[in-house]
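Novice: Provided below: query_32.txt, containing compact mmCIF, C-alpha atoms.
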# COMPACT_ATOMS: atom_id res chain seq x y z
CA MET A 1 14.09 7.21 2.59
CA VAL A 2 11.45 9.53 4.05
CA ALA A 3 9.19 9.03 1.02
CA TYR A 4 9.62 5.26 1.19
CA LYS A 5 8.59 5.17 4.84
CA GLN A 6 5.53 7.39 4.38
CA LYS A 7 2.28 5.45 4.10
CA ASN A 8 0.46 8.10 2.07
CA ALA A 9 3.35 9.29 -0.10
CA GLU A 10 3.71 8.58 -3.80
CA PRO A 11 6.19 5.80 -4.71
CA VAL A 12 9.82 6.69 -5.41
CA GLN A 13 10.59 6.22 -9.10
CA LYS A 14 14.14 7.51 -9.43
CA ILE A 15 16.94 8.97 -7.29
CA THR A 16 19.87 10.83 -8.79
CA ILE A 17 22.77 12.95 -7.60
CA VAL A 18 23.54 14.28 -11.08
CA PRO A 19 23.18 18.10 -11.06
CA HIS A 20 20.51 19.38 -13.44
CA THR A 21 19.95 23.04 -12.56
CA GLU A 22 21.87 25.71 -10.71
CA GLY A 23 21.86 24.90 -7.01
CA SER A 24 20.28 21.46 -7.56
CA LEU A 25 22.63 18.60 -6.70
CA GLY A 26 20.13 15.92 -7.70
CA TYR A 27 16.53 15.06 -7.00
CA THR A 28 14.12 12.31 -6.02
CA LEU A 29 11.35 11.61 -8.52
CA LEU A 30 7.99 10.60 -7.06
CA MET A 31 5.38 9.40 -9.50
CA PRO A 32 2.03 7.67 -8.92
CA GLU A 33 1.63 4.28 -10.57
CA GLU A 34 -1.92 5.08 -11.64
CA ASP A 35 -3.69 8.16 -12.94
CA LYS A 36 -4.83 10.40 -10.12
CA THR A 37 -6.71 13.67 -10.00
CA ASN A 38 -5.61 16.74 -8.06
CA LEU A 39 -7.82 15.65 -5.17
CA ARG A 40 -5.66 14.95 -2.09
CA THR A 41 -6.51 13.95 1.45
CA ARG A 42 -5.08 15.68 4.50
CA GLU A 43 -2.87 12.66 5.17
CA GLU A 44 -1.46 12.78 1.62
CA LEU A 45 -0.68 16.50 1.94
CA MET A 46 1.00 15.98 5.30
CA ALA A 47 3.07 13.16 3.81
CA LYS A 48 4.09 15.40 0.91
CA ILE A 49 5.28 18.07 3.33
CA THR A 50 7.20 15.47 5.33
CA VAL A 51 8.94 14.24 2.17
CA SER A 52 9.91 17.81 1.30
CA MET A 53 11.49 18.13 4.75
CA GLY A 54 13.63 15.01 4.22
CA GLY A 55 16.64 16.86 2.80
CA ARG A 56 16.89 19.33 5.66
CA ALA A 57 16.29 16.53 8.18
CA ALA A 58 19.19 14.54 6.68
CA GLU A 59 21.43 17.60 6.98
CA GLU A 60 20.63 17.91 10.67
CA VAL A 61 21.04 14.20 11.48
CA VAL A 62 24.07 13.37 9.29
CA MET A 63 25.97 16.63 8.89
CA GLU A 64 24.73 18.41 12.04
CA THR A 65 24.45 21.64 10.08
CA MET A 66 22.25 23.35 7.48
CA THR A 67 22.75 24.39 3.84
CA ASN A 68 20.73 26.40 1.34
CA GLY A 69 20.09 23.27 -0.74
CA ALA A 70 16.67 22.76 0.85
CA SER A 71 15.33 26.22 -0.05
CA GLN A 72 13.04 25.02 -2.83
CA ASP A 73 11.72 22.15 -0.70
CA ILE A 74 10.99 24.54 2.17
CA GLN A 75 9.10 26.88 -0.13
CA GLU A 76 7.01 24.05 -1.56
CA ALA A 77 6.23 22.69 1.91
CA THR A 78 5.24 26.15 3.15
CA ASN A 79 2.88 26.69 0.21
CA ILE A 80 1.15 23.37 0.85
CA ALA A 81 0.78 24.07 4.58
CA ARG A 82 -0.54 27.58 3.92
CA ASN A 83 -3.12 26.28 1.47
CA MET A 84 -4.21 23.65 3.99
CA VAL A 85 -4.89 26.35 6.59
CA ALA A 86 -6.14 29.23 4.41
CA MET A 87 -8.07 27.49 1.62
CA TYR A 88 -8.63 23.79 2.32
CA GLY A 89 -10.21 24.08 5.78
CA MET A 90 -7.74 21.59 7.29
CA SER A 91 -6.72 23.43 10.47
CA GLU A 92 -8.17 23.07 13.94
CA GLU A 93 -7.88 26.80 14.63
CA PHE A 94 -10.06 27.99 11.73
CA GLY A 95 -11.95 24.89 10.64
CA MET A 96 -14.03 25.47 7.52
CA MET A 97 -13.27 29.20 7.38
CA ALA A 98 -11.66 30.36 4.12
CA LEU A 99 -8.94 32.89 4.81
CA GLY A 100 -7.81 33.42 1.22
CA SER A 101 -8.99 33.25 -2.37
CA VAL A 102 -7.26 32.77 -5.70
CA ARG A 103 -6.45 36.07 -7.42
CA ASN A 104 -4.51 35.03 -10.53
CA GLN A 105 -5.90 31.65 -11.46
CA TYR A 106 -4.51 31.75 -15.01
CA LEU A 107 -1.17 33.43 -14.18
CA ASP A 108 0.91 32.42 -11.20
CA GLY A 109 -1.93 30.83 -9.21
CA GLY A 110 -1.34 33.17 -6.27
CA TYR A 111 -4.06 34.16 -3.85
CA GLY A 112 -4.77 37.02 -1.49
CA LEU A 113 -5.84 36.93 2.15
CA ASP A 114 -9.45 37.77 3.02
CA CYS A 115 -8.94 38.33 6.72
CA ALA A 116 -7.69 40.89 9.20
CA GLN A 117 -4.01 41.27 10.04
CA ASP A 118 -4.49 39.76 13.48
CA THR A 119 -6.14 36.72 11.93
CA ALA A 120 -3.31 36.44 9.39
CA ALA A 121 -0.82 36.36 12.26
CA VAL A 122 -2.70 33.49 13.88
CA MET A 123 -2.80 31.74 10.52
CA ASP A 124 0.99 31.97 10.24
CA LYS A 125 1.29 30.24 13.61
CA ALA A 126 -1.00 27.44 12.38
CA VAL A 127 1.10 27.04 9.23
CA LYS A 128 4.28 26.83 11.30
CA ALA A 129 2.69 24.21 13.54
CA VAL A 130 1.99 22.00 10.50
CA LEU A 131 5.56 22.42 9.25
CA ASP A 132 7.00 21.63 12.69
CA VAL A 133 5.04 18.38 12.96
CA CYS A 134 6.14 17.22 9.50
CA TYR A 135 9.76 18.17 10.09
CA LYS A 136 9.81 16.26 13.38
CA ASP A 137 8.45 13.17 11.60
CA ALA A 138 11.13 13.46 8.89
CA VAL A 139 13.92 13.67 11.47
CA GLU A 140 12.59 10.61 13.29
CA VAL A 141 12.48 8.61 10.05
CA ILE A 142 16.09 9.51 9.21
CA ARG A 143 17.35 8.61 12.68
CA ALA A 144 15.43 5.34 12.81
CA ASN A 145 16.66 4.22 9.38
CA ARG A 146 20.16 5.70 9.36
CA GLU A 147 21.89 2.38 8.68
CA ASP A 148 19.70 1.55 5.67
CA MET A 149 20.07 5.10 4.38
CA ASP A 150 23.87 4.85 4.50
CA LYS A 151 23.72 1.66 2.41
CA VAL A 152 21.55 3.36 -0.19
CA VAL A 153 23.83 6.41 -0.25
CA ALA A 154 26.92 4.23 -0.82
CA TYR A 155 25.27 2.53 -3.81
CA LEU A 156 24.01 5.89 -5.10
CA LEU A 157 27.50 7.39 -4.98
CA GLU A 158 28.69 4.50 -7.13
CA LYS A 159 25.86 4.53 -9.71
CA GLU A 160 24.81 8.23 -9.48
CA THR A 161 21.27 7.32 -10.59
CA ILE A 162 19.17 4.45 -9.21
CA THR A 163 15.54 3.39 -9.29
CA GLY A 164 13.16 3.07 -6.37
CA GLY A 165 13.20 -0.69 -6.87
CA GLU A 166 16.96 -0.78 -6.42
CA MET A 167 16.64 1.21 -3.20
CA VAL A 168 14.09 -1.28 -1.85
CA ALA A 169 16.38 -4.18 -2.81
CA ILE A 170 19.25 -2.65 -0.82
CA ILE A 171 17.03 -2.10 2.23
CA GLU A 172 15.70 -5.68 2.05
CA GLY A 173 19.20 -7.17 1.63
CA ARG A 174 18.77 -8.22 -2.02
CA ASP A 175 21.11 -7.58 -4.92
CA PRO A 176 20.03 -4.31 -6.58
CA ALA A 177 21.68 -5.38 -9.84
CA LEU A 178 18.98 -8.03 -10.29
CA VAL A 179 16.15 -5.51 -10.29
CA GLU A 180 14.53 -5.42 -13.73
CA GLY A 181 13.06 -2.33 -15.31
CA ALA A 182 14.48 1.17 -15.69
CA TYR A 183 11.45 2.73 -13.99
CA THR A 184 10.84 0.31 -11.14
CA SER A 185 9.27 2.13 -8.19
CA THR A 186 9.32 1.42 -4.47
CA HIS A 187 5.81 -0.08 -4.72
CA ALA A 188 6.84 -2.70 -7.29
CA LYS A 189 6.89 -6.27 -6.02
CA PRO A 190 10.20 -8.15 -6.39
CA LYS A 191 10.31 -10.91 -8.97
CA LEU A 192 10.80 -14.31 -7.36
CA SER A 193 12.17 -17.44 -9.00
CA GLY A 194 9.36 -19.53 -10.43
CA ASP A 195 7.02 -16.59 -10.92
CA ILE A 196 4.99 -16.79 -14.10
CA GLU A 197 5.39 -13.77 -16.32
CA PRO A 198 2.24 -12.19 -17.75
CA PRO A 199 1.53 -13.63 -21.21
CA ALA A 200 1.54 -10.16 -22.75
CA LYS A 201 5.31 -9.93 -22.30
CA HIS A 202 5.86 -12.95 -24.53
CA VAL A 203 3.43 -12.26 -27.37
CA HIS A 204 5.24 -12.46 -30.72
CA ILE A 205 3.66 -10.24 -33.35
CA VAL A 206 4.42 -10.98 -37.01
CA ASP A 207 3.60 -8.51 -39.74
CA GLU A 208 2.79 -10.59 -42.87
CA PRO A 209 0.37 -9.87 -45.71
CA ILE A 210 -2.74 -12.05 -45.72
CA PRO A 211 -3.90 -13.01 -49.25
CA MET A 212 -7.54 -12.53 -50.11
CA PRO A 213 -9.48 -15.77 -50.73
CA PRO A 214 -10.76 -16.35 -54.31
CA PRO A 215 -14.37 -15.38 -54.88
CA ALA A 216 -16.76 -18.31 -54.61
CA GLU A 217 -18.73 -19.17 -57.80
CA GLU A 218 -22.48 -19.24 -57.47
CA ASP A 219 -24.29 -22.51 -58.14
CA GLY A 220 -25.60 -22.85 -61.69
CA GLU A 221 -23.48 -20.03 -63.04
CA ALA A 222 -22.49 -20.56 -66.65
CA PRO A 223 -18.76 -20.73 -67.41
CA ALA A 224 -17.20 -17.69 -68.97
CA ASP A 225 -16.57 -17.51 -72.73
CA GLY A 226 -13.73 -19.77 -73.82
CA GLU A 227 -13.92 -21.98 -70.72
CA LYS A 228 -14.81 -25.65 -71.00
CA PRO A 229 -17.60 -26.98 -68.85
CA PRO A 230 -16.63 -29.52 -66.23
CA GLU A 231 -16.54 -33.16 -67.27
CA GLY A 232 -19.90 -34.88 -67.27
CA GLU A 233 -21.78 -31.67 -67.90
CA LYS A 234 -23.12 -30.49 -71.22
CA PRO A 235 -22.78 -26.92 -72.26
CA GLU A 236 -25.91 -24.92 -71.90
CA GLN A 237 -27.54 -24.01 -75.18
CA SER A 238 -29.60 -20.96 -75.67
CA GLU A 239 -33.20 -21.69 -76.32
CA GLN A 240 -34.31 -21.25 -79.93
CA PRO A 241 -37.62 -19.60 -80.49
CA LYS A 242 -40.20 -22.01 -81.77
CA GLU A 243 -41.77 -21.36 -85.11
As structure tokens, what does this structure read like?

Specialist:
Amino acid sequence: MVAYKQKNAEPVQKITIVPHTEGSLGYTLLMPEEDKTNLRTREELMAKITVSMGGRAAEEVVMETMTNGASQDIQEATNIARNMVAMYGMSEEFGMMALGSVRNQYLDGGYGLDCAQDTAAVMDKAVKAVLDVCYKDAVEVIRANREDMDKVVAYLLEKETITGGEMVAIIEGRDPALVEGAYTSTHAKPKLSGDIEPPAKHVHIVDEPIPMPPPAEEDGEAPADGEKPPEGEKPEQSEQPKE
């Protein structure tokens, strides 16, 4: 729900509650619909942090408690916020000042701080401020869309795995069973009655051998040995040397 409501977030491709790894009770798959580089704007990074905070925000709003299920999301969100402050120059406190540099580019991608301890303490406060803003936005999205979220959750408990298109259909009051495509995202437009399908979906390809055409005979070419000349034509005679 949080990813769907974020303007700069990647579209939701799939939602599942089927456990895959230890401690993971499901996941939400976000996938861009077009090839993108690693270049991200500040708004896109803030939206990514907000999406990561969605699980913990739902725990607070719905369950009024906390679990350790959001640990991986919190770690990912913290890493993004720390990079924004220390390496990307996206904080008001430090501006374009680089506070860290990559140490193990080809190993774990970690970096070390290039600043004093007092500066590192101020940097931690700036990182926390980013996380607090994103978490507040996630909580507001959950509270404002609680009714729609409950409808999606009820359908998800029944199917266990749904697409982003099915989630959008539920929110818009349409039948999710009519959504076509196993990988329909939240950015896909619903198919309306009377819409013309792209011709490429109805191209029928037939694999048949194509015979080679017979070679064309050149004009004036003499017939091969044993062949009769066409009617009305006299056979060519070789010229005899004159005495």

Novice: Using only C-alpha atoms, can you tell me which of A:Leu131, A:Val179, A:Ala47, A:Ala57 comes closest to A:Asn79?

Specialist: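 Closest to A:Asn79 of all the choices is A:Leu131.
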
Novice: With a distance cut-off of 8 Å and all atoms listed in the file, select the neighbouring residues of stretch 89-101 of chain A, excluding the residue or stretch itself and same-chain residues fewer than 3 positions from it, and output the selection as a PyMOL selection string.

Specialist: chain A and resi 42+84-86+111-115+126

Novice: Which residue gives the smallest distance to A:Ala138 among A:Glu59, A:Glu33, A:Glu10, A:Glu180, with only C-alpha atoms counted?

Specialist: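 Smallest distance to A:Ala138 is found for A:Glu59.
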
Novice: Report, in Å with one decimal, the straight-line distance from atom CA of A:Met87 to atom CA of A:Val2.

Specialist: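 About the pair atom CA of A:Met87 and atom CA of A:Val2: they are 26.6 Å apart.
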
Novice: Determine the nearest neighbour of A:Ile170 from the options A:Tyr155, A:Tyr88, A:Tyr135, A:Tyr27, counting all atoms listed in the file.

Specialist: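 Among the listed residues, the smallest separation from A:Ile170 belongs to A:Tyr155.
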
Novice: In Å to one decimal, how far is atom CA of A:Ala58 from atom CA of A:Thr184?

Specialist: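 Separating atom CA of A:Thr184 from atom CA of A:Ala58 is a distance of 24.3 Å.
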
Novice: For A:Val61, find every residue with an atom within 8 Å (counting all atoms listed in the file), except residues of its own chain fewer than 4 positions away, and show them as a PyMOL selection string.

Specialist: chain A and resi 57+139+142-143

Novice: What does the distance between atom CA of A:Lys128 and atom CA of A:Ile74 come to in Å, to one decimal place?

Specialist: 11.6 Å

Novice: Check the smallest atom-to-atom distance from each of A:Met31, A:Glu147, A:Ile171, A:Gly26 to A:Gly69 using all atoms listed in the file, then report the winner.

Specialist: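 Checking each of A:Met31, A:Glu147, A:Ile171, A:Gly26 against A:Gly69, counting all atoms listed in the file, the winner is A:Gly26.
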
Novice: Find, counting only C-alpha atoms, the residue in A:Val152, A:Thr67, A:Arg146, A:Leu45 that gets nearest to A:Ala169.

Specialist: A:Val152

Novice: Hey, what's within 12 Å of stretch 157-165 of chain A if we count only C-alpha atoms and toss same-chain stuff fewer than 2 positions away? As a CSV table (one decimal) with C-alpha atoms, in the coordinates of the input, please?

Specialist:
chain,number,residue,atom,x,y,z
A,1,MET,CA,14.1,7.2,2.6
A,3,ALA,CA,9.2,9.0,1.0
A,4,TYR,CA,9.6,5.3,1.2
A,10,GLU,CA,3.7,8.6,-3.8
A,11,PRO,CA,6.2,5.8,-4.7
A,12,VAL,CA,9.8,6.7,-5.4
A,13,GLN,CA,10.6,6.2,-9.1
A,14,LYS,CA,14.1,7.5,-9.4
A,15,ILE,CA,16.9,9.0,-7.3
A,16,THR,CA,19.9,10.8,-8.8
A,17,ILE,CA,22.8,13.0,-7.6
A,18,VAL,CA,23.5,14.3,-11.1
A,19,PRO,CA,23.2,18.1,-11.1
A,25,LEU,CA,22.6,18.6,-6.7
A,26,GLY,CA,20.1,15.9,-7.7
A,27,TYR,CA,16.5,15.1,-7.0
A,28,THR,CA,14.1,12.3,-6.0
A,29,LEU,CA,11.4,11.6,-8.5
A,30,LEU,CA,8.0,10.6,-7.1
A,31,MET,CA,5.4,9.4,-9.5
A,150,ASP,CA,23.9,4.8,4.5
A,151,LYS,CA,23.7,1.7,2.4
A,152,VAL,CA,21.6,3.4,-0.2
A,153,VAL,CA,23.8,6.4,-0.2
A,154,ALA,CA,26.9,4.2,-0.8
A,155,TYR,CA,25.3,2.5,-3.8
A,167,MET,CA,16.6,1.2,-3.2
A,168,VAL,CA,14.1,-1.3,-1.8
A,169,ALA,CA,16.4,-4.2,-2.8
A,170,ILE,CA,19.2,-2.6,-0.8
A,171,ILE,CA,17.0,-2.1,2.2
A,172,GLU,CA,15.7,-5.7,2.0
A,174,ARG,CA,18.8,-8.2,-2.0
A,175,ASP,CA,21.1,-7.6,-4.9
A,176,PRO,CA,20.0,-4.3,-6.6
A,177,ALA,CA,21.7,-5.4,-9.8
A,178,LEU,CA,19.0,-8.0,-10.3
A,179,VAL,CA,16.2,-5.5,-10.3
A,180,GLU,CA,14.5,-5.4,-13.7
A,181,GLY,CA,13.1,-2.3,-15.3
A,182,ALA,CA,14.5,1.2,-15.7
A,183,TYR,CA,11.4,2.7,-14.0
A,184,THR,CA,10.8,0.3,-11.1
A,185,SER,CA,9.3,2.1,-8.2
A,186,THR,CA,9.3,1.4,-4.5
A,187,HIS,CA,5.8,-0.1,-4.7
A,188,ALA,CA,6.8,-2.7,-7.3
A,189,LYS,CA,6.9,-6.3,-6.0
A,190,PRO,CA,10.2,-8.2,-6.4
A,191,LYS,CA,10.3,-10.9,-9.0

Novice: Tell me which of A:Thr37, A:Asp148, A:Pro214, A:Glu76 sits closest to A:Gly173, counting all atoms listed in the file.

Specialist: A:Asp148
